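Have a look at data-v8.txt; it's compact mmCIF, C-alpha atoms:
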# COMPACT_ATOMS: atom_id res chain seq x y z
CA MET A 1429 84.01 47.13 111.61
CA THR A 1430 81.68 46.37 108.72
CA SER A 1431 80.19 49.06 106.56
CA ILE A 1432 77.63 48.86 103.83
CA SER A 1433 78.21 50.84 100.70
CA THR A 1434 75.27 52.86 99.48
CA ASP A 1435 76.83 53.58 96.14
CA THR A 1436 74.39 55.79 94.27
CA ARG A 1437 76.59 56.81 91.40
CA PRO A 1438 74.82 59.15 89.03
CA LEU A 1439 73.71 57.91 85.66
CA ARG A 1440 76.18 58.92 82.99
CA THR A 1441 74.35 58.98 79.69
CA ALA A 1442 77.70 58.55 77.91
CA ASP A 1443 77.92 55.09 79.49
CA LEU A 1444 74.53 54.09 78.09
CA GLY A 1445 75.76 54.41 74.54
CA THR A 1446 73.17 54.11 71.80
CA LEU A 1447 69.74 53.09 73.09
CA VAL A 1448 67.53 51.37 70.56
CA ILE A 1449 63.82 50.60 70.67
CA MET A 1450 62.45 47.84 68.46
CA SER A 1451 58.76 47.03 68.09
CA TRP A 1452 57.07 43.85 66.88
CA SER A 1453 53.94 41.85 67.52
CA ARG A 1454 53.62 38.13 68.02
CA GLU A 1455 50.60 35.96 67.37
CA THR A 1456 49.29 34.16 70.45
CA PRO A 1457 46.11 32.14 71.03
CA ASP A 1458 44.54 35.42 72.24
CA GLY A 1459 45.61 37.38 69.13
CA ASP A 1460 48.56 39.65 68.39
CA VAL A 1461 50.55 40.89 71.39
CA PRO A 1462 52.68 44.04 70.91
CA PHE A 1463 56.24 43.99 72.26
CA LEU A 1464 58.99 46.57 72.66
CA LEU A 1465 62.64 45.75 73.15
CA ALA A 1466 64.80 48.52 74.59
CA CYS A 1467 68.53 48.00 74.95
CA SER A 1468 71.92 49.60 74.64
CA LEU A 1469 74.23 48.68 71.81
CA GLY A 1470 77.07 48.71 74.36
CA ASP A 1471 78.93 51.35 72.36
CA GLY A 1472 79.27 53.96 75.12
CA GLU A 1473 82.49 55.38 76.52
CA GLY A 1474 83.00 52.50 78.96
CA GLY A 1475 81.98 49.72 76.59
CA PRO A 1476 79.44 46.93 77.18
CA GLU A 1477 80.06 46.51 80.94
CA ALA A 1478 79.58 50.21 81.64
CA ALA A 1479 76.44 50.15 79.47
CA ARG A 1480 75.01 47.24 81.46
CA ALA A 1481 75.67 49.04 84.76
CA ALA A 1482 74.21 52.30 83.41
CA VAL A 1483 71.02 50.56 82.22
CA GLU A 1484 70.68 48.85 85.62
CA ARG A 1485 70.92 52.27 87.35
CA LEU A 1486 68.41 53.75 84.89
CA LEU A 1487 65.92 50.96 85.55
CA GLN A 1488 66.40 51.11 89.32
CA HIS A 1489 65.89 54.90 89.27
CA SER A 1490 62.69 54.34 87.25
CA GLY A 1491 61.30 51.76 89.67
CA LEU A 1492 61.62 48.84 87.27
CA PRO A 1493 62.91 45.64 88.88
CA VAL A 1494 65.46 43.64 86.92
CA GLY A 1495 64.74 39.93 86.65
CA GLY A 1496 61.73 40.17 88.94
CA GLY A 1497 59.01 38.96 86.59
CA VAL A 1498 56.50 41.03 84.68
CA LEU A 1499 55.32 44.29 86.25
CA ASP A 1500 51.87 45.66 85.36
CA ALA A 1501 52.24 49.44 85.11
CA ALA A 1502 48.46 49.91 85.08
CA ARG A 1503 48.47 48.93 88.76
CA LEU A 1504 51.19 51.44 89.68
CA SER A 1505 49.99 55.01 89.38
CA ASN A 1506 53.34 56.53 90.40
CA LEU A 1507 55.57 54.59 87.99
CA PRO A 1508 57.51 57.22 85.99
CA VAL A 1509 57.53 55.15 82.79
CA GLY A 1510 55.11 55.72 79.95
CA LEU A 1511 54.26 54.85 76.38
CA LEU A 1512 52.78 57.51 74.12
CA VAL A 1513 51.35 56.36 70.78
CA VAL A 1514 50.37 58.81 68.03
CA PRO A 1515 49.72 58.26 64.32
CA GLY A 1516 52.97 57.10 62.73
CA ALA A 1517 55.11 57.30 65.88
CA ALA A 1518 55.46 56.30 69.51
CA ALA A 1519 57.68 57.26 72.44
CA LEU A 1520 58.94 55.47 75.53
CA THR A 1521 59.46 57.96 78.35
CA MET A 1522 61.17 57.48 81.69
CA PRO A 1523 63.47 59.60 83.86
CA GLY A 1524 66.36 60.62 81.61
CA VAL A 1525 64.96 58.94 78.49
CA ASN A 1526 62.59 60.07 75.77
CA ALA A 1527 63.03 57.47 73.07
CA GLN A 1528 60.92 58.06 69.99
CA PHE A 1529 60.47 55.37 67.36
CA VAL A 1530 58.41 54.47 64.32
CA PRO A 1531 56.45 51.29 65.08
CA THR A 1532 55.47 48.67 62.55
CA PRO A 1533 51.84 48.83 61.35
CA GLU A 1534 51.22 45.38 62.89
CA TRP A 1535 52.53 46.58 66.25
CA ARG A 1536 50.36 49.69 66.11
CA ALA A 1537 47.25 47.62 65.29
CA ALA A 1538 47.99 45.28 68.21
CA VAL A 1539 48.48 48.25 70.59
CA ASP A 1540 45.26 49.86 69.36
CA LYS A 1541 43.39 46.61 70.01
CA ARG A 1542 44.92 45.76 73.39
CA GLY A 1543 45.70 49.21 74.80
CA TYR A 1544 49.18 48.22 75.98
CA ALA A 1545 52.59 46.93 74.94
CA CYS A 1546 54.93 44.52 76.69
CA LEU A 1547 58.29 46.21 77.29
CA ILE A 1548 61.48 44.19 77.67
CA PHE A 1549 64.25 46.60 78.76
CA ALA A 1550 67.43 44.57 78.53
CA THR A 1551 70.42 45.27 80.74
CA ARG A 1552 72.44 43.00 78.47
CA PRO A 1553 73.83 45.08 75.60
CA TRP A 1554 72.96 43.95 72.10
CA SER A 1555 76.17 44.19 70.14
CA GLU A 1556 75.34 41.80 67.32
CA GLY A 1557 72.93 42.11 64.43
CA GLU A 1558 71.10 45.08 63.06
CA PRO A 1559 67.95 46.57 64.62
CA GLY A 1560 66.01 45.88 61.40
CA ASP A 1561 66.89 42.16 61.38
CA GLY A 1562 63.74 40.53 62.78
CA GLU A 1563 65.33 37.13 63.35
CA ALA A 1564 68.28 38.60 65.26
CA VAL A 1565 65.94 40.76 67.37
CA ALA A 1566 63.75 37.74 68.18
CA ALA A 1567 66.75 35.61 69.10
CA PHE A 1568 68.12 38.31 71.42
CA ALA A 1569 64.75 39.16 72.99
CA ASN A 1570 63.87 35.50 73.63
CA ASP A 1571 67.29 34.49 74.94
CA GLU A 1572 67.11 33.32 78.57
CA ASP A 1573 70.11 35.48 79.57
CA THR A 1574 68.38 38.55 78.12
CA LEU A 1575 65.05 37.85 79.83
CA THR A 1576 66.44 36.98 83.27
CA SER A 1577 68.50 40.18 83.35
CA ALA A 1578 65.82 42.48 81.93
CA ALA A 1579 63.03 44.59 83.35
CA GLN A 1580 59.70 43.45 81.93
CA VAL A 1581 56.64 45.65 82.18
CA ILE A 1582 53.20 45.86 80.64
CA LEU A 1583 52.82 49.52 79.67
CA PRO A 1584 49.41 51.06 79.00
CA ALA A 1585 49.46 53.04 75.76
CA ARG A 1586 48.49 56.68 76.05
CA SER A 1587 47.51 58.90 73.16
CA LEU A 1588 47.02 62.60 72.62
CA ARG A 1589 43.42 63.67 72.93
CA SER A 1590 41.94 66.54 70.97

For the structure just supplied, provide its representation as structure tokens.
Amino acid sequence: MTSISTDTRPLRTADLGTLVIMSWSRETPDGDVPFLLACSLGDGEGGPEAARAAVERLLQHSGLPVGGGVLDAARLSNLPVGLLVVPGAAALTMPGVNAQFVPTPEWRAAVDKRGYACLIFATRPWSEGEPGDGEAVAAFANDEDTLTSAAQVILPARSLRS
């Protein structure tokens, strides 16, 4: 007899470890494009492998496909993932996560101009380098292993209205 496991283990935030959000913009022929990199440092209770599995569960629960190309959140009204941008700060929100960060001025200007940011949420833990090291961030974010195992989504930027 063959059975199919429907393992739906709950997300243990302790397995995620430290989640970091890094913002930058990159010049393209169409102007600056704002990017966000979200990833675990792999420092949770179960180490890097548990962090990878926990991030995969988080992304699946949020409706973000891993390795499936770029998703346009503007076309999906029920996607529970959002980007809130306010003066001097921003927040990435999704089920179980409310990650606030201070974006660079260049990133903020690019978001203001375009109205969105490109999120790369890596399942691969980033255990090397420091979040403030732009070259290390770029190398990790542009690595083929990172991109093919990440969820990539274009997130419309929301703001608070008076």

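Pairwise distance (CA of Arg1503 (chain A), CA of Val1448 (chain A)) equals 26.5 Å.
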
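Here CA of Glu1455 (chain A) stands at a distance of 22.3 Å from CA of Ala1501 (chain A).
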
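If all atoms listed in the file are the atoms counted, then among A:Gly1445, A:Gly1516, A:Gly1562, A:Pro1584 the closest residue to Asp1471 (chain A) is A:Gly1445.
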
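Closest approach to Leu1520 (chain A) among A:Leu1504, A:Ala1482, A:Glu1534, A:Ala1545: A:Ala1545, based on all atoms listed in the file.
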
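Our summary of the geometry notes that CA of Leu1469 (chain A) is positioned 6.4 Å from CA of Leu1447 (chain A).
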
Nearest residue to Ala1517 (chain A) from the set A:Phe1568, A:Tyr1544, A:Phe1529, A:Trp1535 (distances using all atoms listed in the file): A:Phe1529

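When all atoms listed in the file are used to measure the gap to Ala1585 (chain A), the shortest distance among A:Pro1462, A:Gly1524, A:Gly1496, A:Pro1457 belongs to A:Pro1462.
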
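Closest to Arg1536 (chain A) among A:Ala1518, A:Gln1488, A:Ala1502, A:Ala1578 is A:Ala1518, based on only C-alpha atoms.
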
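With only C-alpha atoms as the atoms that count, the minimum distance from Leu1511 (chain A) to the choices A:Arg1552, A:Ser1453, A:Pro1531, A:Arg1586 is reached by A:Arg1586.
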
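Omitting region 1569-1574 of chain A and its sequence neighbours fewer than 2 positions away, and counting only C-alpha atoms, the residues within 9 Å are A:Leu1465, A:Ile1548, A:Ala1550, A:Thr1551, A:Arg1552, A:Pro1553, A:Ala1564, A:Val1565, A:Ala1566, A:Ala1567, A:Thr1576, A:Ser1577, A:Ala1578.
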
Could you list, as a PDB file with C-alpha atoms, in the frame of the given file, every residue within 6 Å of Ser1587 (chain A), counting only C-alpha atoms and ignoring same-chain residues fewer than 5 positions away?
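Listed below is the output, part-v9.pdb:
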ATOM      1  CA  LEU A1512      52.780  57.510  74.120  1.00  0.00           C
ATOM      2  CA  VAL A1513      51.350  56.360  70.780  1.00  0.00           C
ATOM      3  CA  VAL A1514      50.370  58.810  68.030  1.00  0.00           C
TER       4      VAL A1514
END

Take every atom of region 1491-1509 of chain A listed in the file, fit an axis-aligned box around them, add 6 Å per side, and give the centre and edge lengths in Å to one decimal as JSON.
{"center_x": 57.0, "center_y": 48.1, "center_z": 86.6, "size_x": 29.0, "size_y": 30.3, "size_z": 19.6}
